[in-house]
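Q: One file is attached below, run27.cif, containing mmCIF, C-alpha atoms.
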data_target
#
loop_
_atom_site.label_atom_id
_atom_site.label_comp_id
_atom_site.auth_asym_id
_atom_site.auth_seq_id
_atom_site.Cartn_x
_atom_site.Cartn_y
_atom_site.Cartn_z
CA MET M 10 0.00 0.00 0.00
CA ARG M 11 2.74 2.38 1.03
CA SER M 12 4.86 1.65 -2.02
CA PHE M 13 1.82 1.99 -4.23
CA LEU M 14 1.15 5.45 -2.78
CA LEU M 15 4.76 6.40 -3.24
CA ALA M 16 4.77 5.21 -6.82
CA ALA M 17 1.66 7.27 -7.45
CA ILE M 18 3.28 10.40 -6.01
CA VAL M 19 6.52 9.93 -7.93
CA CYS M 20 4.65 9.18 -11.13
CA ALA M 21 2.41 12.23 -10.78
CA VAL M 22 5.33 14.56 -10.17
CA ALA M 23 7.56 13.02 -12.81
CA ALA M 24 4.96 12.95 -15.56
CA PRO M 25 5.31 16.47 -16.98
CA ALA M 26 9.09 16.84 -16.70
CA VAL M 27 12.28 14.82 -16.61
CA ALA M 28 12.53 11.74 -14.41
CA ILE M 29 13.29 12.35 -10.75
CA GLU M 30 15.67 10.06 -9.00
CA THR M 31 14.30 9.33 -5.54
CA GLN M 32 16.22 7.47 -2.83
CA CYS M 33 13.78 7.58 0.06
CA LYS M 34 12.88 4.00 0.90
CA GLY M 35 11.63 3.82 4.49
CA ASN M 36 11.29 7.61 4.64
CA GLU M 37 8.12 8.00 2.62
CA LYS M 38 6.53 10.37 5.12
CA ASN M 39 9.29 12.97 4.88
CA LEU M 40 9.35 12.59 1.11
CA GLU M 41 5.63 13.25 1.01
CA THR M 42 6.05 16.37 3.20
CA TYR M 43 8.87 17.64 1.02
CA LEU M 44 6.85 17.14 -2.18
CA LYS M 45 3.87 18.97 -0.70
CA MET M 46 6.11 21.86 0.39
CA TYR M 47 7.67 21.88 -3.07
CA ASP M 48 4.26 22.19 -4.69
CA VAL M 49 2.70 24.76 -2.33
CA LEU M 50 5.70 26.95 -1.43
CA PHE M 51 8.38 26.46 -4.07
CA MET M 52 6.16 26.21 -7.15
CA LYS M 53 2.92 28.05 -6.27
CA ARG M 54 4.77 30.30 -3.84
CA ASP M 55 1.70 30.51 -1.61
CA GLU M 56 3.34 32.31 1.30
CA SER M 57 0.07 32.28 3.27
CA ARG M 58 0.69 28.56 3.97
CA VAL M 59 4.24 28.93 5.28
CA LEU M 60 3.28 27.80 8.82
CA GLU M 61 2.12 24.46 7.43
CA PHE M 62 5.70 23.62 6.43
CA TYR M 63 8.05 25.58 8.65
CA ALA M 64 8.24 25.38 12.44
CA PRO M 65 7.54 28.77 14.08
CA GLU M 66 11.29 29.01 14.73
CA PHE M 67 14.01 27.16 12.82
CA VAL M 68 17.72 27.36 12.05
CA SER M 69 18.81 28.53 8.60
CA HIS M 70 22.27 27.96 7.14
CA ASN M 71 21.19 28.94 3.64
CA SER M 72 22.79 31.86 1.84
CA ASP M 73 19.57 32.87 0.06
CA ALA M 74 17.10 35.59 1.11
CA GLY M 75 15.86 33.24 3.83
CA GLY M 76 19.04 33.89 5.77
CA GLY M 77 22.15 32.02 6.80
CA GLY M 78 25.01 31.66 9.21
CA ALA M 79 23.20 29.11 11.40
CA GLU M 80 20.84 31.82 12.58
CA THR M 81 17.36 31.38 13.98
CA ARG M 82 14.58 32.45 11.66
CA THR M 83 10.84 32.49 11.98
CA ALA M 84 8.38 31.02 9.50
CA GLU M 85 7.06 34.54 9.09
CA SER M 86 10.49 35.81 7.98
CA MET M 87 10.45 33.42 5.00
CA LYS M 88 7.39 35.01 3.41
CA PRO M 89 9.13 37.90 1.56
CA MET M 90 11.32 35.43 -0.35
CA TRP M 91 8.31 33.82 -2.01
CA ILE M 92 6.41 37.08 -2.39
CA ASP M 93 9.39 38.62 -4.24
CA SER M 94 9.94 35.51 -6.33
CA LYS M 95 6.31 35.43 -7.45
CA LYS M 96 6.30 39.17 -8.16
CA ASN M 97 9.68 39.47 -9.90
CA GLN M 98 9.87 36.12 -11.65
CA PRO M 99 6.32 34.89 -12.14
CA ASP M 100 7.31 32.24 -14.70
CA ARG M 101 10.04 30.68 -12.51
CA VAL M 102 9.71 26.90 -12.20
CA MET M 103 11.63 24.49 -10.03
CA ILE M 104 12.30 20.95 -11.23
CA ASN M 105 13.26 18.21 -8.77
CA GLU M 106 16.10 16.08 -10.12
CA LEU M 107 17.26 14.13 -7.10
CA ILE M 108 15.58 13.58 -3.75
CA LEU M 109 17.44 11.66 -1.08
CA CYS M 110 16.21 10.91 2.43
CA ALA M 111 18.08 9.77 5.53
CA GLY M 112 16.75 9.85 9.06
CA ASN M 113 14.96 13.17 9.57
CA LEU M 114 16.73 14.82 6.63
CA VAL M 115 15.73 15.32 3.00
CA VAL M 116 18.20 16.47 0.33
CA ALA M 117 16.87 17.89 -2.92
CA ARG M 118 18.81 18.90 -5.96
CA VAL M 119 16.73 21.06 -8.29
CA THR M 120 16.94 23.07 -11.48
CA MET M 121 15.34 26.52 -11.52
CA LYS M 122 14.26 28.07 -14.79
CA GLY M 123 12.73 31.44 -15.43
CA THR M 124 12.87 34.88 -16.97
CA GLN M 125 14.30 37.85 -15.12
CA THR M 126 11.36 40.18 -15.64
CA GLY M 127 11.86 42.01 -12.34
CA PRO M 128 14.72 43.15 -10.08
CA LEU M 129 17.24 40.58 -8.87
CA PHE M 130 20.21 41.10 -6.49
CA GLY M 131 19.41 44.82 -6.80
CA MET M 132 19.75 44.71 -10.60
CA THR M 133 16.94 45.83 -12.87
CA ALA M 134 15.12 43.42 -15.20
CA THR M 135 17.07 42.11 -18.17
CA GLY M 136 14.24 40.09 -19.73
CA LYS M 137 16.69 37.24 -20.21
CA THR M 138 16.02 33.60 -19.34
CA TYR M 139 18.08 31.46 -16.98
CA SER M 140 18.44 27.85 -15.94
CA THR M 141 20.39 27.25 -12.77
CA THR M 142 20.83 24.51 -10.17
CA ALA M 143 20.35 24.51 -6.41
CA THR M 144 20.78 21.98 -3.62
CA ASP M 145 18.82 22.14 -0.39
CA ILE M 146 18.80 20.07 2.78
CA TYR M 147 15.86 20.10 5.21
CA ARG M 148 15.54 18.66 8.68
CA PHE M 149 11.96 17.75 9.51
CA LYS M 150 10.40 17.37 12.93
CA ASP M 151 6.70 16.51 13.27
CA GLY M 152 6.25 17.21 9.57
CA LYS M 153 7.79 20.69 9.61
CA VAL M 154 11.17 22.15 8.69
CA VAL M 155 13.28 22.87 11.79
CA GLU M 156 16.61 23.41 10.00
CA ARG M 157 17.67 24.20 6.44
CA TRP M 158 20.92 24.32 4.48
CA GLY M 159 21.52 25.10 0.83
CA ASN M 160 23.17 26.95 -1.99
CA SER M 161 22.53 27.76 -5.62
CA ASP M 162 24.68 28.52 -8.63
CA GLY M 163 24.32 32.29 -8.44
CA ILE M 164 27.35 32.96 -10.62
CA GLY M 165 26.04 30.68 -13.36
CA MET M 166 22.69 32.46 -13.22
CA LEU M 167 24.24 35.94 -13.33
CA SER M 168 26.44 34.94 -16.27
CA GLN M 169 23.37 33.85 -18.23
CA LEU M 170 21.69 37.18 -17.44
CA GLY M 171 24.76 39.17 -18.44
CA LEU M 172 25.14 40.57 -14.90
CA LEU M 173 28.77 39.63 -14.45
CA LEU M 174 31.03 40.37 -11.56
CA PRO M 175 33.38 43.16 -12.68
CA PHE M 176 36.64 41.25 -12.90
CA ALA M 177 38.13 43.92 -15.14
CA GLN M 178 37.36 46.61 -12.53
CA ALA M 179 38.98 44.58 -9.78
CA GLN M 180 42.13 44.19 -11.83
CA ALA M 181 42.23 47.90 -12.65
CA ALA M 182 41.79 48.90 -8.99
CA ARG M 183 44.62 46.63 -8.02
CA ALA M 184 46.92 48.01 -10.71
CA GLU M 185 46.22 51.56 -9.46
CA LYS M 186 47.28 50.66 -5.91
CA LYS M 187 50.69 49.45 -7.05
CA MET K 26 30.06 47.18 9.75
CA VAL K 27 32.80 45.76 7.57
CA THR K 28 35.05 45.52 10.65
CA LEU K 29 32.33 43.69 12.53
CA ARG K 30 31.96 41.20 9.74
CA LEU K 31 35.71 40.65 9.66
CA ILE K 32 35.81 40.05 13.41
CA ALA K 33 32.92 37.61 13.10
CA MET K 34 34.69 35.83 10.26
CA ALA K 35 37.94 35.64 12.21
CA ALA K 36 36.04 34.21 15.19
CA LEU K 37 34.41 31.61 12.95
CA SER K 38 37.75 30.64 11.41
CA PHE K 39 39.23 30.29 14.88
CA LEU K 40 36.40 28.07 16.05
CA ALA K 41 36.73 25.83 13.02
CA ALA K 42 40.53 25.74 13.31
CA SER K 43 40.46 24.93 17.01
CA GLY K 44 39.23 21.44 16.21
CA ALA K 45 36.08 21.86 18.30
CA HIS K 46 34.04 21.13 15.20
CA ALA K 47 31.41 18.41 15.37
CA THR K 48 30.24 16.68 12.22
CA GLU K 49 26.71 15.32 12.19
CA VAL K 50 26.65 11.97 10.42
CA LYS K 51 23.51 10.16 9.19
CA CYS K 52 24.94 7.01 7.65
CA LYS K 53 23.60 4.09 9.67
CA GLY K 54 23.89 0.92 7.60
CA ASN K 55 26.08 2.70 5.09
CA GLU K 56 29.33 2.73 7.06
CA ALA K 57 31.43 1.27 4.25
CA MET K 58 30.38 3.99 1.82
CA LEU K 59 30.96 6.64 4.49
CA THR K 60 34.50 5.36 5.09
CA ARG K 61 35.24 5.55 1.38
CA TYR K 62 33.91 9.11 1.17
CA LEU K 63 35.95 10.21 4.19
CA GLY K 64 39.05 8.57 2.69
CA MET K 65 38.61 10.56 -0.51
CA PHE K 66 37.86 13.72 1.45
CA ASP K 67 41.05 13.40 3.54
CA GLU K 68 43.45 12.17 0.88
CA VAL K 69 42.23 13.82 -2.31
CA PHE K 70 40.22 16.95 -1.47
CA ASN K 71 42.06 18.04 1.66
CA GLY K 72 45.37 16.17 1.21
CA ARG K 73 45.54 16.94 -2.53
CA LYS K 74 47.29 13.62 -3.19
CA LEU K 75 46.93 13.22 -6.95
CA ASP K 76 48.22 9.65 -6.86
CA ARG K 77 45.21 8.64 -4.69
CA ILE K 78 42.53 9.77 -7.19
CA ALA K 79 42.35 6.35 -8.86
CA GLU K 80 41.81 4.73 -5.45
CA TYR K 81 38.55 6.61 -4.92
CA THR K 82 37.10 7.39 -8.35
CA SER K 83 36.18 5.14 -11.27
CA GLU K 84 37.87 5.40 -14.66
CA ASP K 85 34.60 6.55 -16.24
CA PHE K 86 33.92 9.06 -13.43
CA GLN K 87 31.31 11.60 -14.51
CA PRO K 88 31.50 15.12 -13.04
CA HIS K 89 28.46 17.38 -13.03
CA ASP K 90 28.35 21.15 -12.40
CA SER K 91 31.68 21.57 -14.16
CA ALA K 92 32.58 24.13 -16.79
CA PRO K 93 31.72 23.05 -20.35
CA GLY K 94 34.50 21.02 -21.90
CA THR K 95 35.68 19.57 -18.59
CA PRO K 96 37.09 16.08 -19.17
CA LYS K 97 35.62 12.94 -17.58
CA GLY K 98 37.46 10.30 -15.57
CA HIS K 99 40.42 10.75 -13.24
CA GLU K 100 41.55 13.79 -15.22
CA ALA K 101 38.44 15.71 -14.07
CA ILE K 102 39.39 15.34 -10.39
CA ARG K 103 43.07 15.97 -11.10
CA LEU K 104 42.22 19.30 -12.76
CA LEU K 105 39.85 20.28 -9.95
CA VAL K 106 42.39 19.55 -7.22
CA THR K 107 45.31 21.26 -8.98
CA ASN K 108 43.27 24.37 -9.86
CA MET K 109 42.01 24.74 -6.29
CA ALA K 110 45.57 24.33 -4.99
CA LYS K 111 46.71 27.18 -7.25
CA SER K 112 43.99 29.68 -6.31
CA PHE K 113 43.55 28.66 -2.67
CA PRO K 114 46.74 26.99 -1.45
CA LYS K 115 45.69 27.09 2.21
CA ARG K 116 41.93 26.70 2.04
CA LYS K 117 40.36 24.46 4.67
CA LEU K 118 37.40 22.13 4.10
CA THR K 119 35.28 20.97 7.03
CA ASN K 120 32.42 18.48 6.98
CA ASP K 121 29.44 19.85 8.89
CA LEU K 122 26.88 17.24 7.89
CA ILE K 123 27.20 13.91 6.08
CA ILE K 124 24.12 12.06 4.84
CA CYS K 125 24.09 8.62 3.21
CA GLY K 126 21.12 7.28 1.27
CA GLY K 127 20.91 4.53 -1.33
CA ASP K 128 24.17 4.63 -3.29
CA MET K 129 24.88 8.28 -2.48
CA VAL K 130 26.76 10.36 0.04
CA VAL K 131 25.84 14.01 0.54
CA ALA K 132 28.27 16.24 2.44
CA TYR K 133 27.55 19.78 3.53
CA GLN K 134 30.86 21.53 4.08
CA THR K 135 32.38 24.82 5.11
CA VAL K 136 35.13 26.16 2.89
CA GLU K 137 37.31 28.81 4.46
CA GLY K 138 40.60 30.41 3.72
CA ILE K 139 42.40 33.32 2.15
CA ASN K 140 42.57 33.96 -1.58
CA ASP K 141 46.36 34.13 -1.83
CA GLY K 142 46.72 32.67 -5.32
CA PRO K 143 45.53 33.95 -8.72
CA LEU K 144 41.85 33.30 -9.43
CA PHE K 145 40.36 31.64 -12.49
CA GLY K 146 40.75 33.76 -15.58
CA GLY K 147 44.04 35.20 -14.34
CA ILE K 148 42.54 37.59 -11.77
CA PRO K 149 45.29 38.44 -9.28
CA ALA K 150 44.93 37.23 -5.68
CA THR K 151 42.77 39.53 -3.59
CA GLY K 152 44.34 38.51 -0.27
CA LYS K 153 40.86 38.47 1.28
CA SER K 154 39.44 35.76 3.48
CA PHE K 155 36.28 33.85 2.73
CA ASN K 156 33.91 31.42 4.41
CA PHE K 157 31.15 29.80 2.39
CA ASN K 158 29.19 26.56 2.11
CA TRP K 159 29.61 23.68 -0.29
CA ILE K 160 27.43 20.63 -0.98
CA ASP K 161 29.00 17.54 -2.45
CA ILE K 162 26.88 14.67 -3.79
CA CYS K 163 28.72 11.48 -4.76
CA ARG K 164 27.33 8.29 -6.23
CA PHE K 165 29.29 5.17 -5.36
CA LYS K 166 29.63 1.90 -7.24
CA TYR K 167 31.90 -0.90 -6.03
CA GLY K 168 33.46 1.48 -3.49
CA LYS K 169 34.40 4.16 -6.01
CA VAL K 170 32.78 7.46 -6.93
CA VAL K 171 31.20 7.19 -10.38
CA GLU K 172 29.32 10.50 -10.41
CA ARG K 173 29.67 13.74 -8.48
CA TRP K 174 27.60 16.89 -8.20
CA GLY K 175 29.43 19.67 -6.42
CA ALA K 176 27.98 23.09 -5.79
CA GLY K 177 29.03 25.93 -3.56
CA ASP K 178 27.99 29.44 -2.76
CA ALA K 179 30.63 30.85 -5.12
CA LEU K 180 28.70 34.09 -5.46
CA GLY K 181 28.90 34.54 -1.68
CA MET K 182 32.63 33.88 -1.83
CA MET K 183 33.18 36.42 -4.62
CA THR K 184 31.15 38.99 -2.70
CA GLN K 185 33.28 38.43 0.42
CA MET K 186 36.36 38.99 -1.73
CA GLY K 187 35.06 42.42 -2.68
CA PHE K 188 33.66 41.79 -6.16
CA LYS K 189 30.48 43.69 -6.95
CA LEU K 190 27.80 43.09 -9.53
CA THR K 191 27.63 45.41 -12.52
CA PRO K 192 24.95 45.58 -15.16
CA PRO K 193 26.25 44.98 -18.71
CA SER K 194 25.91 48.66 -19.68
CA ALA K 195 28.13 49.84 -16.81
CA GLU K 196 30.77 47.26 -17.69
CA ALA K 197 30.96 48.53 -21.27
CA LYS K 198 31.79 52.09 -20.14
#
Let's see the structure in the file written out as structure tokens.

A:
Amino acid sequence: MRSFLLAAIVCAVAAPAVAIETQCKGNEKNLETYLKMYDVLFMKRDESRVLEFYAPEFVSHNSDAGGGGAETRTAESMKPMWIDSKKNQPDRVMINELILCAGNLVVARVTMKGTQTGPLFGMTATGKTYSTTATDIYRFKDGKVVERWGNSDGIGMLSQLGLLLPFAQAQAARAEKK
Amino acid sequence: MVTLRLIAMAALSFLAASGAHATEVKCKGNEAMLTRYLGMFDEVFNGRKLDRIAEYTSEDFQPHDSAPGTPKGHEAIRLLVTNMAKSFPKRKLTNDLIICGGDMVVAYQTVEGINDGPLFGGIPATGKSFNFNWIDICRFKYGKVVERWGAGDALGMMTQMGFKLTPPSAEAK
């Protein structure tokens, strides 16, 4: 019964996109929670449901807008990230590629695709498209995230958008100092 | 503000260097794979022993997240290790969290150090310190890594080293 349910979930998610590799045998409950969070928060970006998936207080090690440095965050403080994402990049999709579970942890490697039709990192819209990867790790307790880690390929994304780090400027500044 | 951040960074580096670091490991039932990963971590990634690459990676090793045109096999790891040694001769890697599942090991790591070697693309060393996170995903087969996905907060690192974003128009000026 359990494996049938799992197969149904995996099949439903995998159907429209590329195949997801899932290594979550024995951890079906956390997988199910992750997939629901993925659908509601990451894809639909329905910030009104943030308390369903995040504990009122949790630890964030992530370097994204959700905060980092092993600091305590509140579920409420995560809302702006999804509000901004929905507003600035309405067509952004996230595709699960690999989901791995162990104990109370779930690791997800995803690809994010979208068009930069609004501000990003303080830069104005370029109208260009991007496809970048991210890896996230979540610790669940009683069906909610109590800790998160992660990173994304920000440099790859900026390169695709033409918003490069000014290497030439750095070199020039250094030459001036000499 | 900048001073504060530097003090915080120095404190973090000290904590990590003092050896008081605890790694959380979730690998019950996967101890053999964990041992192999830790062996590669110590000898190849931290120890930079090029002659130990073949011990831990398969001949048809497939890297992901690499620059286009990166070779496969042992050569891929050899290039990665030698390039990192050039740009960051003293960088330190610490495992914060290791997770095993199926045929994979996931390691969340802290990378810290000083950029005292030239960066990719011939950018001169900035001399600045950095501290950022890295996630390594390795697939094992017969005790060797056959596939690896490695991704770090490189943008965070570049920002710590003083690089700023510029829109294309400003760069052309």

Q: Expanded to explicit residues, what is the PyMOL selection byres ((chain K) within 8 of (chain M)) for this file, as a ChimeraX atom specification?

A: /K:51-52,124-127,148-149,158-160,176-181,188-193,196

Q: Store the residues picked out above in a file with C-alpha atoms, as a PDB file, in the coordinates of the input.

A:
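See out-v1.pdb below for the written result:
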ATOM      1  CA  LYS K  51      23.510  10.160   9.190  1.00  0.00           C
ATOM      2  CA  CYS K  52      24.940   7.010   7.650  1.00  0.00           C
ATOM      3  CA  ILE K 124      24.120  12.060   4.840  1.00  0.00           C
ATOM      4  CA  CYS K 125      24.090   8.620   3.210  1.00  0.00           C
ATOM      5  CA  GLY K 126      21.120   7.280   1.270  1.00  0.00           C
ATOM      6  CA  GLY K 127      20.910   4.530  -1.330  1.00  0.00           C
ATOM      7  CA  ILE K 148      42.540  37.590 -11.770  1.00  0.00           C
ATOM      8  CA  PRO K 149      45.290  38.440  -9.280  1.00  0.00           C
ATOM      9  CA  ASN K 158      29.190  26.560   2.110  1.00  0.00           C
ATOM     10  CA  TRP K 159      29.610  23.680  -0.290  1.00  0.00           C
ATOM     11  CA  ILE K 160      27.430  20.630  -0.980  1.00  0.00           C
ATOM     12  CA  ALA K 176      27.980  23.090  -5.790  1.00  0.00           C
ATOM     13  CA  GLY K 177      29.030  25.930  -3.560  1.00  0.00           C
ATOM     14  CA  ASP K 178      27.990  29.440  -2.760  1.00  0.00           C
ATOM     15  CA  ALA K 179      30.630  30.850  -5.120  1.00  0.00           C
ATOM     16  CA  LEU K 180      28.700  34.090  -5.460  1.00  0.00           C
ATOM     17  CA  GLY K 181      28.900  34.540  -1.680  1.00  0.00           C
ATOM     18  CA  PHE K 188      33.660  41.790  -6.160  1.00  0.00           C
ATOM     19  CA  LYS K 189      30.480  43.690  -6.950  1.00  0.00           C
ATOM     20  CA  LEU K 190      27.800  43.090  -9.530  1.00  0.00           C
ATOM     21  CA  THR K 191      27.630  45.410 -12.520  1.00  0.00           C
ATOM     22  CA  PRO K 192      24.950  45.580 -15.160  1.00  0.00           C
ATOM     23  CA  PRO K 193      26.250  44.980 -18.710  1.00  0.00           C
ATOM     24  CA  GLU K 196      30.770  47.260 -17.690  1.00  0.00           C
TER      25      GLU K 196
END

Q: Just to confirm, what's the straight-line distance from CA of Met65 in chain K to CA of Ser154 in chain K in Å (one decimal)?

A: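 Separation of CA of Met65 in chain K and CA of Ser154 in chain K: 25.5 Å.
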
Q: If you measure from CA of Leu40 in chain M to CA of Arg148 in chain M, what distance in Å do you get, rounded to one decimal?

A: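 We find that CA of Leu40 in chain M and CA of Arg148 in chain M lie 11.5 Å from each other.
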
Q: Rank K:Tyr133, K:Phe157, K:Phe113, K:Tyr167 by their smallest atom-to-atom distance to Glu80 in chain K, using all atoms listed in the file, and report the top residue only.

A: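 Smallest separation from Glu80 in chain K among the options: K:Tyr167.
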
Q: Using only C-alpha atoms, pick whichever of M:Trp91, M:Val119, M:Val59, M:Lys45 has the shortest atom-to-atom distance to Ala74 in chain M.

A: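 Once distances to Ala74 in chain M are computed over only C-alpha atoms, the minimum belongs to M:Trp91.
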
Q: Tell me which residues the PyMOL selection byres ((chain K and resi 121) around 7) grabs here, as a PDB file with C-alpha atoms, in the coordinates of the input.

A:
ATOM      1  CA  ALA K  47      31.410  18.410  15.370  1.00  0.00           C
ATOM      2  CA  THR K  48      30.240  16.680  12.220  1.00  0.00           C
ATOM      3  CA  GLU K  49      26.710  15.320  12.190  1.00  0.00           C
ATOM      4  CA  THR K 119      35.280  20.970   7.030  1.00  0.00           C
ATOM      5  CA  ASN K 120      32.420  18.480   6.980  1.00  0.00           C
ATOM      6  CA  LEU K 122      26.880  17.240   7.890  1.00  0.00           C
ATOM      7  CA  ILE K 123      27.200  13.910   6.080  1.00  0.00           C
ATOM      8  CA  TYR K 133      27.550  19.780   3.530  1.00  0.00           C
ATOM      9  CA  GLN K 134      30.860  21.530   4.080  1.00  0.00           C
ATOM     10  CA  THR K 135      32.380  24.820   5.110  1.00  0.00           C
TER      11      THR K 135
END

Q: So which residues touch Met52 in chain M within 12 Å, counting all atoms listed in the file, skipping near sequence neighbours fewer than 5 positions away, as a list in words?

A: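 The residues that qualify are Leu44, Lys45, Met46, Tyr47, Trp91, Ile92, Ser94, Lys95, Gln98, Pro99, Asp100, Arg101, Val102, Met103, Ile104, Asn105, Val119, Met121, Lys122 and Gly123 of chain M.
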
Q: In Å, rounded to a single decimal, give me how far CA of Met87 in chain M is from CA of Leu60 in chain M.

A: 9.9 Å

Q: Can you spell out as a count of residues only the set of residues that the PyMOL selection byres ((chain K and resi 140) around 12) selects in the structure I just provided?

A: 32

Q: For a quick check of understanding, using all atoms listed in the file, which of M:Thr83, M:Pro65, M:Leu107, M:Leu50 has the smallest distance to Met129 in chain K?

A: M:Leu107

Q: Got a sec: who's within 6 Å of Lys97 in chain K, counting only C-alpha atoms, leaving out chain neighbours fewer than 4 positions off, as a ChimeraX atom specification?

A: /K:86-87,101

Q: Let me have the centre and edge lengths of the axis-aligned box enclosing all listed atoms of range 114-120 of chain K with 6 Å padding on every side, in Å to one decimal, as JSON.

A:
{"center_x": 39.6, "center_y": 22.8, "center_z": 2.8, "size_x": 26.3, "size_y": 20.6, "size_z": 20.5}

Q: Within 9 Å of Ser91 in chain K, counting all atoms listed in the file, which residues show up once you throw out same-chain ones fewer than 4 positions away? Write them as a ChimeraX atom specification, please.

A: /K:95,101,174-175
